[in-house]
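The file work_6.pdb comes next; it holds PDB, C-alpha atoms.
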MODEL        1
ATOM      1  CA  MET A   1      13.784 -36.130 -31.178  1.00  0.00           C
ATOM      2  CA  GLY A   2      14.301 -32.401 -30.649  1.00  0.00           C
ATOM      3  CA  ARG A   3      10.796 -31.568 -31.837  1.00  0.00           C
ATOM      4  CA  VAL A   4       9.187 -33.994 -29.378  1.00  0.00           C
ATOM      5  CA  THR A   5      11.270 -32.600 -26.540  1.00  0.00           C
ATOM      6  CA  THR A   6      10.278 -29.038 -27.500  1.00  0.00           C
ATOM      7  CA  THR A   7       6.594 -29.994 -27.637  1.00  0.00           C
ATOM      8  CA  ILE A   8       6.784 -31.668 -24.221  1.00  0.00           C
ATOM      9  CA  ALA A   9       8.603 -28.661 -22.772  1.00  0.00           C
ATOM     10  CA  ARG A  10       5.939 -26.299 -24.162  1.00  0.00           C
ATOM     11  CA  ARG A  11       3.157 -28.443 -22.742  1.00  0.00           C
ATOM     12  CA  GLU A  12       4.854 -28.467 -19.333  1.00  0.00           C
ATOM     13  CA  MET A  13       5.234 -24.680 -19.475  1.00  0.00           C
ATOM     14  CA  LEU A  14       1.510 -24.277 -20.235  1.00  0.00           C
ATOM     15  CA  LEU A  15       0.569 -26.568 -17.355  1.00  0.00           C
ATOM     16  CA  GLU A  16       2.839 -24.608 -15.025  1.00  0.00           C
ATOM     17  CA  LYS A  17       1.249 -21.324 -16.151  1.00  0.00           C
ATOM     18  CA  GLU A  18      -2.210 -22.782 -15.440  1.00  0.00           C
ATOM     19  CA  ARG A  19      -1.111 -23.852 -11.939  1.00  0.00           C
ATOM     20  CA  LYS A  20       0.318 -20.400 -11.287  1.00  0.00           C
ATOM     21  CA  LEU A  21      -2.906 -18.758 -12.482  1.00  0.00           C
ATOM     22  CA  GLU A  22      -4.913 -20.883 -10.048  1.00  0.00           C
ATOM     23  CA  GLU A  23      -2.543 -19.931  -7.225  1.00  0.00           C
ATOM     24  CA  ARG A  24      -2.697 -16.270  -8.205  1.00  0.00           C
ATOM     25  CA  ILE A  25      -6.503 -16.285  -8.109  1.00  0.00           C
ATOM     26  CA  THR A  26      -6.422 -17.187  -4.417  1.00  0.00           C
ATOM     27  CA  GLU A  27      -3.683 -14.664  -3.737  1.00  0.00           C
ATOM     28  CA  ARG A  28      -5.526 -11.964  -5.691  1.00  0.00           C
ATOM     29  CA  HIS A  29      -8.707 -12.555  -3.703  1.00  0.00           C
ATOM     30  CA  VAL A  30      -6.849 -12.544  -0.384  1.00  0.00           C
ATOM     31  CA  LYS A  31      -5.073  -9.296  -1.216  1.00  0.00           C
ATOM     32  CA  ALA A  32      -8.178  -7.655  -2.689  1.00  0.00           C
ATOM     33  CA  PHE A  33     -10.237  -8.428   0.399  1.00  0.00           C
ATOM     34  CA  LEU A  34      -7.475  -8.303   2.990  1.00  0.00           C
ATOM     35  CA  ASP A  35      -9.256  -5.619   5.009  1.00  0.00           C
ATOM     36  CA  LEU A  36     -12.328  -7.854   5.254  1.00  0.00           C
ATOM     37  CA  LEU A  37     -10.186 -10.866   6.164  1.00  0.00           C
ATOM     38  CA  ILE A  38      -8.372  -8.908   8.868  1.00  0.00           C
ATOM     39  CA  LEU A  39     -11.679  -7.847  10.404  1.00  0.00           C
ATOM     40  CA  ALA A  40     -12.870 -11.468  10.286  1.00  0.00           C
ATOM     41  CA  ILE A  41      -9.651 -12.737  11.888  1.00  0.00           C
ATOM     42  CA  LEU A  42      -9.767 -10.105  14.626  1.00  0.00           C
ATOM     43  CA  ASN A  43     -13.507 -10.452  15.259  1.00  0.00           C
ATOM     44  CA  GLY A  44     -13.548 -11.548  18.904  1.00  0.00           C
ATOM     45  CA  ASN A  45      -9.906 -12.608  18.756  1.00  0.00           C
ATOM     46  CA  PRO A  46      -7.402  -9.766  19.263  1.00  0.00           C
ATOM     47  CA  MET A  47      -3.906 -10.564  18.018  1.00  0.00           C
ATOM     48  CA  TYR A  48      -0.646  -9.050  16.935  1.00  0.00           C
ATOM     49  CA  GLY A  49       0.553  -8.663  13.361  1.00  0.00           C
ATOM     50  CA  TYR A  50       2.651 -11.816  13.092  1.00  0.00           C
ATOM     51  CA  LYS A  51      -0.321 -13.917  14.225  1.00  0.00           C
ATOM     52  CA  ILE A  52      -2.497 -12.292  11.546  1.00  0.00           C
ATOM     53  CA  ILE A  53       0.123 -13.141   8.909  1.00  0.00           C
ATOM     54  CA  ALA A  54       0.264 -16.734  10.230  1.00  0.00           C
ATOM     55  CA  ALA A  55      -3.550 -17.040  10.219  1.00  0.00           C
ATOM     56  CA  VAL A  56      -3.800 -15.887   6.584  1.00  0.00           C
ATOM     57  CA  HIS A  57      -0.981 -18.212   5.569  1.00  0.00           C
ATOM     58  CA  LYS A  58      -2.525 -21.194   7.360  1.00  0.00           C
ATOM     59  CA  GLU A  59      -6.000 -20.605   5.934  1.00  0.00           C
ATOM     60  CA  PHE A  60      -5.151 -19.556   2.360  1.00  0.00           C
ATOM     61  CA  GLY A  61      -1.518 -20.487   1.744  1.00  0.00           C
ATOM     62  CA  VAL A  62      -0.707 -16.845   1.050  1.00  0.00           C
ATOM     63  CA  LEU A  63       2.270 -15.374   2.871  1.00  0.00           C
ATOM     64  CA  LEU A  64       1.777 -11.687   3.502  1.00  0.00           C
ATOM     65  CA  SER A  65       4.702  -9.393   4.051  1.00  0.00           C
ATOM     66  CA  PRO A  66       4.697  -7.064   7.051  1.00  0.00           C
ATOM     67  CA  GLY A  67       4.985  -4.257   4.474  1.00  0.00           C
ATOM     68  CA  SER A  68       1.540  -5.100   3.125  1.00  0.00           C
ATOM     69  CA  LEU A  69      -0.130  -5.857   6.462  1.00  0.00           C
ATOM     70  CA  TYR A  70       0.914  -3.027   8.762  1.00  0.00           C
ATOM     71  CA  PRO A  71      -0.037  -0.101   6.497  1.00  0.00           C
ATOM     72  CA  LEU A  72      -3.499  -1.657   6.149  1.00  0.00           C
ATOM     73  CA  LEU A  73      -3.784  -2.147   9.921  1.00  0.00           C
ATOM     74  CA  HIS A  74      -2.852   1.508  10.400  1.00  0.00           C
ATOM     75  CA  ALA A  75      -5.425   2.575   7.795  1.00  0.00           C
ATOM     76  CA  LEU A  76      -8.106   0.507   9.535  1.00  0.00           C
ATOM     77  CA  GLU A  77      -7.067   2.102  12.806  1.00  0.00           C
ATOM     78  CA  GLU A  78      -7.393   5.598  11.315  1.00  0.00           C
ATOM     79  CA  LYS A  79     -10.898   4.677  10.155  1.00  0.00           C
ATOM     80  CA  ARG A  80     -11.666   3.545  13.715  1.00  0.00           C
ATOM     81  CA  MET A  81     -12.342  -0.013  12.556  1.00  0.00           C
ATOM     82  CA  VAL A  82      -9.540  -1.533  14.639  1.00  0.00           C
ATOM     83  CA  GLU A  83      -7.680  -0.348  17.691  1.00  0.00           C
ATOM     84  CA  SER A  84      -4.283  -1.264  19.011  1.00  0.00           C
ATOM     85  CA  GLN A  85      -2.875  -1.778  22.487  1.00  0.00           C
ATOM     86  CA  SER A  86       0.613  -2.504  23.672  1.00  0.00           C
ATOM     87  CA  GLN A  87       0.772  -5.830  25.528  1.00  0.00           C
ATOM     88  CA  GLY A  88       4.039  -7.355  26.613  1.00  0.00           C
ATOM     89  CA  GLY A  89       6.055  -5.321  24.125  1.00  0.00           C
ATOM     90  CA  ARG A  90       3.796  -6.233  21.200  1.00  0.00           C
ATOM     91  CA  ILE A  91       1.043  -4.275  19.531  1.00  0.00           C
ATOM     92  CA  VAL A  92      -2.225  -6.220  19.721  1.00  0.00           C
ATOM     93  CA  TYR A  93      -5.034  -5.307  17.336  1.00  0.00           C
ATOM     94  CA  SER A  94      -8.767  -5.771  17.950  1.00  0.00           C
ATOM     95  CA  VAL A  95     -11.962  -4.840  16.110  1.00  0.00           C
ATOM     96  CA  THR A  96     -13.935  -1.852  17.359  1.00  0.00           C
ATOM     97  CA  SER A  97     -17.733  -1.775  17.502  1.00  0.00           C
ATOM     98  CA  ASN A  98     -17.625   0.424  14.382  1.00  0.00           C
ATOM     99  CA  GLY A  99     -15.396  -2.166  12.683  1.00  0.00           C
ATOM    100  CA  LYS A 100     -17.849  -4.946  13.575  1.00  0.00           C
ATOM    101  CA  LYS A 101     -20.749  -2.983  12.091  1.00  0.00           C
ATOM    102  CA  ILE A 102     -18.837  -2.224   8.892  1.00  0.00           C
ATOM    103  CA  PHE A 103     -17.683  -5.842   8.735  1.00  0.00           C
ATOM    104  CA  GLN A 104     -21.272  -7.156   8.879  1.00  0.00           C
ATOM    105  CA  ASN A 105     -22.445  -4.746   6.182  1.00  0.00           C
ATOM    106  CA  THR A 106     -19.475  -5.545   3.972  1.00  0.00           C
ATOM    107  CA  VAL A 107     -19.895  -9.305   4.373  1.00  0.00           C
ATOM    108  CA  THR A 108     -23.506  -9.027   3.223  1.00  0.00           C
ATOM    109  CA  GLU A 109     -22.466  -7.035   0.168  1.00  0.00           C
ATOM    110  CA  TYR A 110     -19.511  -9.358  -0.504  1.00  0.00           C
ATOM    111  CA  LYS A 111     -21.737 -12.456  -0.461  1.00  0.00           C
ATOM    112  CA  ALA A 112     -24.219 -10.854  -2.849  1.00  0.00           C
ATOM    113  CA  THR A 113     -21.404  -9.914  -5.228  1.00  0.00           C
ATOM    114  CA  ILE A 114     -19.895 -13.414  -5.100  1.00  0.00           C
ATOM    115  CA  ARG A 115     -23.320 -14.941  -5.866  1.00  0.00           C
ATOM    116  CA  GLN A 116     -23.746 -12.552  -8.784  1.00  0.00           C
ATOM    117  CA  MET A 117     -20.270 -13.367 -10.133  1.00  0.00           C
ATOM    118  CA  ASP A 118     -20.876 -17.098  -9.695  1.00  0.00           C
ATOM    119  CA  ASN A 119     -24.175 -16.877 -11.582  1.00  0.00           C
ATOM    120  CA  PHE A 120     -22.539 -14.858 -14.345  1.00  0.00           C
ATOM    121  CA  ILE A 121     -19.614 -17.264 -14.713  1.00  0.00           C
ATOM    122  CA  ASN A 122     -21.900 -20.308 -14.660  1.00  0.00           C
ATOM    123  CA  SER A 123     -24.191 -18.821 -17.307  1.00  0.00           C
ATOM    124  CA  ASN A 124     -21.201 -18.073 -19.547  1.00  0.00           C
ATOM    125  CA  THR A 125     -19.350 -21.348 -19.127  1.00  0.00           C
ATOM    126  CA  ARG A 126     -19.754 -23.730 -22.003  1.00  0.00           C
ATOM    127  CA  ASN A 127     -19.532 -27.449 -21.648  1.00  0.00           C
ATOM    128  CA  PRO A 128     -16.250 -28.475 -23.383  1.00  0.00           C
ATOM    129  CA  SER A 129     -18.147 -31.169 -25.333  1.00  0.00           C
ATOM    130  CA  GLN A 130     -20.428 -28.481 -26.855  1.00  0.00           C
ATOM    131  CA  GLY A 131     -17.538 -26.708 -28.534  1.00  0.00           C
ATOM    132  CA  LEU A 132     -17.541 -23.028 -29.393  1.00  0.00           C
TER
ENDMDL
END
Can you dump the structure from the file as structure tokens?
Amino acid sequence: MGRVTTTIARREMLLEKERKLEERITERHVKAFLDLLILAILNGNPMYGYKIIAAVHKEFGVLLSPGSLYPLLHALEEKRMVESQSQGGRIVYSVTSNGKKIFQNTVTEYKATIRQMDNFINSNTRNPSQGL
């Protein structure tokens, strides 16, 4: 009885690790391309930090901390990609014309890279029925 229970527990642990890996992939992509996502969110839609956090959470299920968002917003501001304005006691961020230009160029490069990665993964994925 103990052996069966141990085997079931191990199997459940492996399944949980797989679920966490899938969740982490989304989170890793969001965090890796957060600057691009921020520019996309702000493109034509100025908003304050909390709204950006809410938009990312709603779209991707990833909850950003203010400690990861605000330093990036400040870095984008230093690069003249976003600008901030005080409105009603809140800091509202918007994309600059420079930020829009960089965003368009980056999106083009991002899409090409994703296509290349997709092609690579597809060409190296074996059908489970084929075996190794």
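We find atom CA of Gly89 of chain A and atom CA of Leu34 of chain A to be spaced 25.3 Å apart.
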How would you write, as a list in words, the residues chosen by the PyMOL selection byres ((chain A and resi 97) around 12) on this structure? Leu39, Leu42, Asn43, Gly44, Lys79, Arg80, Met81, Val82, Glu83, Ser94, Val95, Thr96, Asn98, Gly99, Lys100, Lys101, Ile102, Phe103 and Gln104 of chain A
Can you list what the PyMOL selection byres ((chain A and resi 53-64) around 12) grabs from this structure, as number ranges by chain? A: 23-31, 33-42, 45, 47-52, 65-70, 72-73
Enclose segment 39-54 of chain A, meaning all of its atoms listed in the file, in a box aligned along x, y and z, pad it by 8 Å on each side, and list the centre and edge lengths in Å to one decimal, as AutoDock Vina command-line options.
--center_x -5.4 --center_y -12.3 --center_z 14.1 --size_x 32.2 --size_y 24.9 --size_z 26.4
Judged by only C-alpha atoms, the minimum distance to Gln85 of chain A among A:Ala112, A:Met117, A:Pro46, A:Ala9 is found for A:Pro46
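Across the structure, atom CA of Asn119 of chain A and atom CA of Val107 of chain A are spaced 18.2 Å apart.
Across the structure, atom CA of Met13 of chain A and atom CA of Thr125 of chain A are spaced 24.8 Å apart.
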